[in-house]
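To be precise, the following lines are my_file.cif, and they hold mmCIF, N, CA and C atoms.
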data_my_file
#
loop_
_atom_site.label_atom_id
_atom_site.label_comp_id
_atom_site.auth_asym_id
_atom_site.auth_seq_id
_atom_site.Cartn_x
_atom_site.Cartn_y
_atom_site.Cartn_z
N MET V 214 69.75 20.39 35.74
CA MET V 214 69.90 18.97 35.52
C MET V 214 68.73 18.26 36.20
N ASN V 215 68.23 17.21 35.57
CA ASN V 215 67.12 16.43 36.11
C ASN V 215 67.62 15.39 37.10
N GLY V 216 66.72 14.94 37.97
CA GLY V 216 67.08 13.95 38.98
C GLY V 216 66.17 12.74 38.95
N LEU V 217 66.77 11.56 39.06
CA LEU V 217 66.04 10.30 39.12
C LEU V 217 65.88 9.89 40.58
N ILE V 218 64.66 9.61 41.00
CA ILE V 218 64.36 9.22 42.38
C ILE V 218 64.56 7.71 42.51
N ILE V 219 65.38 7.32 43.49
CA ILE V 219 65.73 5.91 43.67
C ILE V 219 65.64 5.56 45.15
N LYS V 220 65.09 4.38 45.46
CA LYS V 220 65.01 3.92 46.85
C LYS V 220 66.42 3.82 47.43
N PRO V 221 66.59 4.16 48.72
CA PRO V 221 67.92 4.17 49.32
C PRO V 221 68.71 2.87 49.16
N GLU V 222 68.03 1.71 49.32
CA GLU V 222 68.76 0.45 49.23
C GLU V 222 69.29 0.19 47.81
N TRP V 223 68.56 0.65 46.79
CA TRP V 223 69.02 0.47 45.41
C TRP V 223 70.11 1.50 45.09
N LEU V 224 69.97 2.68 45.64
CA LEU V 224 70.98 3.72 45.43
C LEU V 224 72.32 3.28 46.02
N ASP V 225 72.29 2.65 47.20
CA ASP V 225 73.52 2.12 47.79
C ASP V 225 74.18 1.10 46.86
N ARG V 226 73.38 0.24 46.26
CA ARG V 226 73.93 -0.76 45.34
C ARG V 226 74.55 -0.10 44.11
N ILE V 227 73.93 0.96 43.64
CA ILE V 227 74.47 1.68 42.47
C ILE V 227 75.82 2.29 42.81
N ILE V 228 75.90 2.96 43.94
CA ILE V 228 77.12 3.67 44.32
C ILE V 228 78.21 2.73 44.81
N LEU V 229 77.85 1.76 45.63
CA LEU V 229 78.87 0.94 46.30
C LEU V 229 79.19 -0.38 45.61
N TYR V 230 78.23 -0.95 44.89
CA TYR V 230 78.41 -2.31 44.40
C TYR V 230 78.27 -2.49 42.89
N GLY V 231 78.21 -1.39 42.15
CA GLY V 231 78.24 -1.49 40.69
C GLY V 231 76.93 -1.81 40.01
N LYS V 232 75.81 -1.70 40.72
CA LYS V 232 74.50 -1.88 40.07
C LYS V 232 74.37 -0.80 39.01
N ASP V 233 74.19 -1.17 37.75
CA ASP V 233 74.10 -0.14 36.71
C ASP V 233 72.84 -0.24 35.85
N ILE V 234 71.92 -1.11 36.24
CA ILE V 234 70.64 -1.23 35.54
C ILE V 234 69.51 -0.92 36.50
N GLU V 235 68.65 0.01 36.12
CA GLU V 235 67.40 0.27 36.82
C GLU V 235 66.29 -0.30 35.96
N VAL V 236 65.31 -0.93 36.57
CA VAL V 236 64.16 -1.45 35.84
C VAL V 236 62.98 -0.54 36.14
N ARG V 237 62.34 -0.09 35.07
CA ARG V 237 61.18 0.80 35.18
C ARG V 237 60.09 0.33 34.23
N GLY V 238 58.94 0.96 34.28
CA GLY V 238 57.80 0.54 33.49
C GLY V 238 57.72 1.14 32.10
N SER V 239 58.71 1.95 31.72
CA SER V 239 58.74 2.53 30.38
C SER V 239 60.17 2.93 30.04
N ILE V 240 60.44 3.13 28.76
CA ILE V 240 61.72 3.68 28.38
C ILE V 240 61.72 5.15 28.75
N THR V 241 62.87 5.78 28.69
CA THR V 241 62.96 7.19 29.05
C THR V 241 63.49 8.02 27.89
N ASN V 242 63.08 9.26 27.83
CA ASN V 242 63.60 10.17 26.80
C ASN V 242 64.78 10.99 27.33
N HIS V 243 65.34 10.60 28.49
CA HIS V 243 66.48 11.31 29.07
C HIS V 243 67.82 10.64 28.72
N VAL V 244 67.81 9.74 27.74
CA VAL V 244 69.04 9.05 27.33
C VAL V 244 70.07 10.08 26.85
N GLY V 245 71.31 9.86 27.27
CA GLY V 245 72.39 10.77 26.90
C GLY V 245 72.59 11.91 27.87
N GLU V 246 71.77 12.00 28.89
CA GLU V 246 71.86 13.09 29.86
C GLU V 246 72.66 12.68 31.10
N LYS V 247 73.35 13.64 31.68
CA LYS V 247 73.91 13.49 33.01
C LYS V 247 72.77 13.82 33.97
N ILE V 248 72.56 12.96 34.98
CA ILE V 248 71.43 13.15 35.89
C ILE V 248 71.89 13.07 37.34
N TYR V 249 71.11 13.71 38.21
CA TYR V 249 71.30 13.54 39.64
C TYR V 249 70.61 12.24 40.06
N LEU V 250 71.17 11.58 41.08
CA LEU V 250 70.54 10.43 41.70
C LEU V 250 70.03 10.88 43.06
N LEU V 251 68.71 10.86 43.22
CA LEU V 251 68.04 11.40 44.38
C LEU V 251 67.57 10.27 45.29
N GLU V 252 67.85 10.41 46.58
CA GLU V 252 67.45 9.39 47.54
C GLU V 252 65.98 9.57 47.91
N LYS V 253 65.17 8.58 47.56
CA LYS V 253 63.73 8.64 47.80
C LYS V 253 63.42 8.87 49.27
N GLY V 254 62.49 9.79 49.52
CA GLY V 254 62.00 10.03 50.87
C GLY V 254 62.87 10.93 51.73
N THR V 255 63.97 11.47 51.19
CA THR V 255 64.88 12.26 52.02
C THR V 255 65.12 13.67 51.51
N CYS V 256 64.75 13.96 50.27
CA CYS V 256 65.05 15.25 49.63
C CYS V 256 66.56 15.48 49.53
N LYS V 257 67.34 14.39 49.47
CA LYS V 257 68.79 14.50 49.34
C LYS V 257 69.24 14.04 47.96
N CYS V 258 70.15 14.80 47.38
CA CYS V 258 70.84 14.39 46.17
C CYS V 258 72.23 13.96 46.60
N VAL V 259 72.63 12.74 46.22
CA VAL V 259 73.89 12.21 46.72
C VAL V 259 74.87 11.81 45.63
N ALA V 260 74.42 11.73 44.37
CA ALA V 260 75.30 11.25 43.31
C ALA V 260 74.84 11.76 41.96
N VAL V 261 75.69 11.55 40.97
CA VAL V 261 75.35 11.81 39.58
C VAL V 261 75.74 10.59 38.75
N ALA V 262 75.13 10.47 37.57
CA ALA V 262 75.44 9.39 36.63
C ALA V 262 75.03 9.84 35.24
N ASN V 263 75.51 9.13 34.25
CA ASN V 263 75.06 9.34 32.88
C ASN V 263 74.02 8.28 32.56
N LEU V 264 72.88 8.70 32.04
CA LEU V 264 71.84 7.76 31.62
C LEU V 264 72.17 7.39 30.17
N GLU V 265 72.85 6.28 30.02
CA GLU V 265 73.48 5.91 28.75
C GLU V 265 72.51 5.38 27.72
N CYS V 266 71.60 4.49 28.13
CA CYS V 266 70.61 3.97 27.18
C CYS V 266 69.42 3.40 27.94
N SER V 267 68.39 3.11 27.19
CA SER V 267 67.13 2.61 27.74
C SER V 267 66.48 1.73 26.69
N GLY V 268 65.84 0.66 27.13
CA GLY V 268 65.17 -0.20 26.17
C GLY V 268 64.21 -1.16 26.84
N VAL V 269 63.44 -1.83 26.02
CA VAL V 269 62.48 -2.81 26.48
C VAL V 269 63.21 -4.11 26.82
N ILE V 270 62.86 -4.72 27.93
CA ILE V 270 63.35 -6.06 28.25
C ILE V 270 62.45 -7.02 27.49
N ARG V 271 63.00 -7.64 26.47
CA ARG V 271 62.20 -8.37 25.48
C ARG V 271 61.53 -9.63 26.01
N ASP V 272 62.27 -10.38 26.82
CA ASP V 272 61.76 -11.68 27.25
C ASP V 272 62.57 -12.18 28.43
N GLU V 273 62.26 -13.38 28.87
CA GLU V 273 62.93 -13.94 30.04
C GLU V 273 64.44 -14.10 29.81
N GLU V 274 64.83 -14.50 28.63
CA GLU V 274 66.26 -14.67 28.33
C GLU V 274 67.01 -13.33 28.44
N HIS V 275 66.40 -12.28 27.90
CA HIS V 275 66.99 -10.95 28.00
C HIS V 275 67.08 -10.53 29.47
N TRP V 276 66.02 -10.80 30.25
CA TRP V 276 66.03 -10.47 31.67
C TRP V 276 67.16 -11.21 32.41
N GLU V 277 67.33 -12.50 32.11
CA GLU V 277 68.38 -13.28 32.78
C GLU V 277 69.77 -12.70 32.47
N PHE V 278 69.95 -12.14 31.28
CA PHE V 278 71.20 -11.49 30.90
C PHE V 278 71.41 -10.21 31.72
N LEU V 279 70.35 -9.43 31.92
CA LEU V 279 70.44 -8.15 32.63
C LEU V 279 70.44 -8.29 34.16
N LYS V 280 69.84 -9.34 34.66
CA LYS V 280 69.61 -9.49 36.11
C LYS V 280 70.87 -9.35 36.96
N PRO V 281 72.02 -9.91 36.60
CA PRO V 281 73.21 -9.71 37.44
C PRO V 281 73.62 -8.24 37.57
N ARG V 282 73.39 -7.47 36.53
CA ARG V 282 73.73 -6.04 36.58
C ARG V 282 72.68 -5.24 37.35
N HIS V 283 71.48 -5.79 37.44
CA HIS V 283 70.41 -5.15 38.22
C HIS V 283 70.57 -5.44 39.71
N GLN V 284 71.16 -6.59 40.03
CA GLN V 284 71.49 -7.01 41.39
C GLN V 284 70.28 -7.20 42.31
N ILE V 285 69.14 -7.42 41.72
CA ILE V 285 67.95 -7.72 42.51
C ILE V 285 67.43 -9.06 41.99
N ASP V 286 67.38 -10.06 42.87
CA ASP V 286 67.05 -11.41 42.44
C ASP V 286 65.54 -11.62 42.34
N LYS V 287 64.98 -11.14 41.24
CA LYS V 287 63.55 -11.35 40.98
C LYS V 287 63.41 -12.14 39.69
N SER V 288 62.44 -13.01 39.67
CA SER V 288 62.19 -13.82 38.47
C SER V 288 61.52 -12.97 37.40
N TRP V 289 61.55 -13.46 36.17
CA TRP V 289 60.86 -12.81 35.07
C TRP V 289 59.37 -12.68 35.41
N GLU V 290 58.81 -13.73 35.98
CA GLU V 290 57.39 -13.70 36.37
C GLU V 290 57.11 -12.57 37.36
N ALA V 291 57.99 -12.42 38.35
CA ALA V 291 57.81 -11.36 39.35
C ALA V 291 57.94 -9.97 38.72
N ILE V 292 58.92 -9.80 37.83
CA ILE V 292 59.12 -8.50 37.17
C ILE V 292 57.91 -8.13 36.31
N THR V 293 57.37 -9.11 35.58
CA THR V 293 56.23 -8.81 34.71
C THR V 293 54.93 -8.64 35.49
N LYS V 294 54.90 -9.03 36.75
CA LYS V 294 53.75 -8.71 37.60
C LYS V 294 53.82 -7.26 38.07
N ILE V 295 55.05 -6.77 38.26
CA ILE V 295 55.24 -5.39 38.70
C ILE V 295 55.07 -4.42 37.52
N TYR V 296 55.65 -4.77 36.38
CA TYR V 296 55.66 -3.90 35.20
C TYR V 296 54.99 -4.61 34.02
N LYS V 297 54.00 -3.96 33.43
CA LYS V 297 53.33 -4.52 32.26
C LYS V 297 54.36 -4.75 31.14
N GLN V 298 55.20 -3.76 30.90
CA GLN V 298 56.29 -3.88 29.92
C GLN V 298 57.58 -3.41 30.58
N PRO V 299 58.34 -4.33 31.21
CA PRO V 299 59.56 -3.90 31.90
C PRO V 299 60.59 -3.35 30.93
N CYS V 300 61.26 -2.30 31.39
CA CYS V 300 62.29 -1.65 30.59
C CYS V 300 63.53 -1.46 31.45
N PHE V 301 64.70 -1.40 30.81
CA PHE V 301 65.94 -1.16 31.54
C PHE V 301 66.45 0.23 31.23
N TRP V 302 67.08 0.83 32.23
CA TRP V 302 67.77 2.10 32.10
C TRP V 302 69.20 1.85 32.54
N TYR V 303 70.16 2.10 31.66
CA TYR V 303 71.57 1.84 31.96
C TYR V 303 72.24 3.10 32.47
N LEU V 304 72.73 3.04 33.72
CA LEU V 304 73.41 4.16 34.36
C LEU V 304 74.92 3.95 34.26
N LYS V 305 75.60 4.90 33.67
CA LYS V 305 77.05 4.79 33.47
C LYS V 305 77.79 5.79 34.36
N ARG V 306 78.90 5.36 34.89
CA ARG V 306 79.78 6.19 35.72
C ARG V 306 79.07 6.90 36.88
N PRO V 307 78.29 6.17 37.69
CA PRO V 307 77.71 6.82 38.86
C PRO V 307 78.82 7.14 39.87
N HIS V 308 78.73 8.30 40.48
CA HIS V 308 79.70 8.64 41.51
C HIS V 308 79.09 9.62 42.51
N LEU V 309 79.60 9.52 43.74
CA LEU V 309 79.13 10.38 44.81
C LEU V 309 79.53 11.82 44.55
N ILE V 310 78.71 12.71 45.04
CA ILE V 310 79.00 14.14 45.05
C ILE V 310 78.80 14.64 46.47
N ASP V 311 79.18 15.89 46.74
CA ASP V 311 78.84 16.48 48.03
C ASP V 311 77.31 16.54 48.08
N PRO V 312 76.70 15.86 49.04
CA PRO V 312 75.24 15.81 49.06
C PRO V 312 74.63 17.19 49.30
N PHE V 313 73.43 17.36 48.77
CA PHE V 313 72.70 18.60 49.02
C PHE V 313 71.21 18.29 49.11
N ILE V 314 70.50 19.20 49.74
CA ILE V 314 69.05 19.12 49.85
C ILE V 314 68.44 19.78 48.61
N TYR V 315 67.38 19.17 48.08
CA TYR V 315 66.71 19.75 46.92
C TYR V 315 65.23 19.94 47.24
N ARG V 316 64.60 20.80 46.46
CA ARG V 316 63.16 21.03 46.60
C ARG V 316 62.43 19.93 45.85
N HIS V 317 61.65 19.12 46.58
CA HIS V 317 60.92 18.01 45.97
C HIS V 317 59.51 18.48 45.58
N PRO V 318 59.22 18.51 44.28
CA PRO V 318 57.89 18.97 43.86
C PRO V 318 56.80 17.97 44.24
N LYS V 319 55.67 18.48 44.59
CA LYS V 319 54.53 17.65 44.94
C LYS V 319 54.19 16.74 43.76
N GLY V 320 54.02 15.45 44.05
CA GLY V 320 53.62 14.49 43.03
C GLY V 320 54.76 13.85 42.25
N ALA V 321 56.00 14.29 42.45
CA ALA V 321 57.13 13.70 41.73
C ALA V 321 57.40 12.30 42.26
N VAL V 322 57.42 11.30 41.35
CA VAL V 322 57.60 9.91 41.75
C VAL V 322 58.85 9.30 41.10
N ILE V 323 59.09 9.61 39.84
CA ILE V 323 60.24 9.05 39.12
C ILE V 323 61.30 10.11 38.87
N TRP V 324 60.89 11.27 38.38
CA TRP V 324 61.81 12.34 38.00
C TRP V 324 61.52 13.63 38.75
N VAL V 325 62.58 14.38 39.00
CA VAL V 325 62.46 15.78 39.41
C VAL V 325 63.14 16.58 38.31
N LYS V 326 62.36 17.42 37.67
CA LYS V 326 62.89 18.24 36.57
C LYS V 326 63.65 19.44 37.13
N ASP V 327 64.80 19.71 36.53
CA ASP V 327 65.61 20.88 36.92
C ASP V 327 65.75 20.98 38.44
N VAL V 328 66.45 20.01 39.01
CA VAL V 328 66.62 19.92 40.47
C VAL V 328 67.13 21.26 41.02
N GLU V 329 66.42 21.74 42.03
CA GLU V 329 66.77 23.02 42.65
C GLU V 329 67.48 22.76 43.98
N LYS V 330 68.75 23.17 44.06
CA LYS V 330 69.51 23.03 45.30
C LYS V 330 69.00 24.06 46.30
N LEU V 331 68.88 23.61 47.54
CA LEU V 331 68.49 24.51 48.62
C LEU V 331 69.65 24.70 49.57
N ARG V 332 69.75 25.89 50.14
CA ARG V 332 70.77 26.15 51.14
C ARG V 332 70.28 25.61 52.48
N ILE V 333 71.20 25.07 53.25
CA ILE V 333 70.85 24.52 54.57
C ILE V 333 70.13 25.58 55.41
N GLU V 334 70.57 26.82 55.32
CA GLU V 334 69.96 27.89 56.11
C GLU V 334 68.49 28.08 55.75
N ASP V 335 68.11 27.73 54.51
CA ASP V 335 66.75 27.95 54.06
C ASP V 335 65.79 26.83 54.45
N VAL V 336 66.32 25.66 54.84
CA VAL V 336 65.43 24.53 55.10
C VAL V 336 65.29 24.19 56.58
N GLY V 337 66.14 24.73 57.42
CA GLY V 337 66.02 24.52 58.85
C GLY V 337 66.56 23.19 59.32
N PRO V 338 66.36 22.88 60.59
CA PRO V 338 67.00 21.71 61.20
C PRO V 338 66.48 20.35 60.73
N VAL V 339 65.24 20.28 60.27
CA VAL V 339 64.69 18.99 59.86
C VAL V 339 65.46 18.43 58.68
N TYR V 340 65.65 19.22 57.62
CA TYR V 340 66.36 18.76 56.44
C TYR V 340 67.84 19.12 56.46
N GLY V 341 68.25 19.81 57.50
CA GLY V 341 69.61 20.31 57.55
C GLY V 341 70.67 19.29 57.88
N ARG V 342 70.27 18.06 58.25
CA ARG V 342 71.24 17.01 58.60
C ARG V 342 71.50 16.14 57.39
N LEU V 343 72.71 16.20 56.84
CA LEU V 343 73.06 15.36 55.69
C LEU V 343 73.89 14.19 56.12
#
Structure rendered as C-alpha cells:
Amino acid sequence: MNGLIIKPEWLDRIILYGKDIEVRGSITNHVGEKIYLLEKGTCKCVAVANLECSGVIRDEEHWEFLKPRHQIDKSWEAITKIYKQPCFWYLKRPHLIDPFIYRHPKGAVIWVKDVEKLRIEDVGPVYGRL
C-alpha cells in the first residue's frame, strides 16, 4: 500500500477534527486506493484513509466551497501563490491504526510507494519510540 506524507499539524486535523481535503499542486492517479497517512519528518505511519477523488480547484468560488473542509484559512490568492494549479484530494474514512515505523526512501516528498514496515528491533532506539 502507498503512503501519503502529511505535516503533523495537518495530520492531526485529519484524524481528530474531520479535515478531509488535502490541497496539492496536481491531481493524483491514486484515486480509489486505500492509503497510509505518514507523519512527515518522523518515519511513522499512524493512520489509513481512502483517497476517494481528486480534481482541479477551478476558481475562488470553488475554493471557498472547499475551504471549510480543508480547515486551513488561506485566501484564494495565497493558495494560487503556493500552487500554480491548486488541486484537491478527498480523503474518506481516515482512522488511526497501530503506528509503525516505515523505511523512508531518499527524495520522497509526497508519496512513499509500497510502504515497508520496519520492526522496532531493526531500527534501534532513535526510531523505536512511537
Separating atom CA of His243 of chain V from atom N of Glu265 of chain V, to the nearest tenth of an Å, is a gap of 8.2 Å
Output as a Markdown table one row per residue of segment 246-286 of chain V within 6.5 Å of segment 216-233 of chain V: the closest atom pair and its distance in Å to one decimal place, counting only N, CA and C atoms, sorted by chain and residue number ascending.
| residue | atom | partner | partner_atom | distance |
| --- | --- | --- | --- | --- |
| V:Ile248 | C | V:Gly216 | CA | 5.2 |
| V:Tyr249 | C | V:Leu217 | N | 4.0 |
| V:Leu250 | CA | V:Leu217 | N | 4.7 |
| V:Leu251 | N | V:Leu217 | C | 4.0 |
| V:Glu252 | CA | V:Ile219 | C | 4.9 |
| V:Lys253 | N | V:Ile219 | C | 3.9 |
| V:Arg282 | C | V:Asp233 | N | 4.4 |
| V:His283 | C | V:Lys232 | CA | 5.3 |
| V:Gln284 | N | V:Lys232 | CA | 5.8 |
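Those residues returned by the PyMOL selection byres ((chain V and resi 268) around 7) for this file are Ser239, Ile240, Thr241, Cys266, Ser267, Val269, Ile270, Arg271, Pro299, Cys300, Phe301, Trp302 and Tyr303 of chain V.
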What are the DSSP helix (DSSP H, G or I) residues of chain V, as a ChimeraX atom specification? /V:221-230,273-283,289-295,333-340
Could you state which residues are captured by the PyMOL selection byres ((chain V and resi 330) around 6) in this file, as a list in words?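 So the PyMOL selection byres ((chain V and resi 330) around 6), applied here, picks out Ile314, Tyr315, Arg316, Val328, Glu329, Leu331 and Arg332 of chain V.
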For the provided coordinates, the residues matched by the PyMOL selection byres ((chain V and resi 259-261) around 5) should be stated as a compact mmCIF listing (two decimals) with N, CA and C atoms, in the frame of the given file.
# COMPACT_ATOMS: atom_id res chain seq x y z
N ILE V 248 72.56 12.96 34.98
CA ILE V 248 71.43 13.15 35.89
C ILE V 248 71.89 13.07 37.34
N TYR V 249 71.11 13.71 38.21
CA TYR V 249 71.30 13.54 39.64
C TYR V 249 70.61 12.24 40.06
N LEU V 250 71.17 11.58 41.08
CA LEU V 250 70.54 10.43 41.70
C LEU V 250 70.03 10.88 43.06
N LYS V 257 67.34 14.39 49.47
CA LYS V 257 68.79 14.50 49.34
C LYS V 257 69.24 14.04 47.96
N CYS V 258 70.15 14.80 47.38
CA CYS V 258 70.84 14.39 46.17
C CYS V 258 72.23 13.96 46.60
N ALA V 262 75.13 10.47 37.57
CA ALA V 262 75.44 9.39 36.63
C ALA V 262 75.03 9.84 35.24
N ASN V 263 75.51 9.13 34.25
CA ASN V 263 75.06 9.34 32.88
C ASN V 263 74.02 8.28 32.56
N PRO V 307 78.29 6.17 37.69
CA PRO V 307 77.71 6.82 38.86
C PRO V 307 78.82 7.14 39.87
N HIS V 308 78.73 8.30 40.48
CA HIS V 308 79.70 8.64 41.51
C HIS V 308 79.09 9.62 42.51
N LEU V 309 79.60 9.52 43.74
CA LEU V 309 79.13 10.38 44.81
C LEU V 309 79.53 11.82 44.55
N ILE V 310 78.71 12.71 45.04
CA ILE V 310 79.00 14.14 45.05
C ILE V 310 78.80 14.64 46.47
N PRO V 312 76.70 15.86 49.04
CA PRO V 312 75.24 15.81 49.06
C PRO V 312 74.63 17.19 49.30
Figure out the distance between atom CA of Gly254 of chain V and atom N of Ser288 of chain V, please, to one decimal in Å. 25.6 Å
Write out as a ChimeraX atom specification all residues of chain V that backbone DSSP assigns to strand (DSSP E). /V:216-219,234-237,247-252,257-269,300-315,324-325,330-331
Quick one: pull the distance between atom C of Lys297 of chain V and atom CA of Gly238 of chain V, Å, one decimal. 6.7 Å
Closest of V:Arg237, V:Glu277, V:Asp327, V:Met214 to Ile295 of chain V - atom-to-atom distances counting all atoms listed in the file: V:Arg237
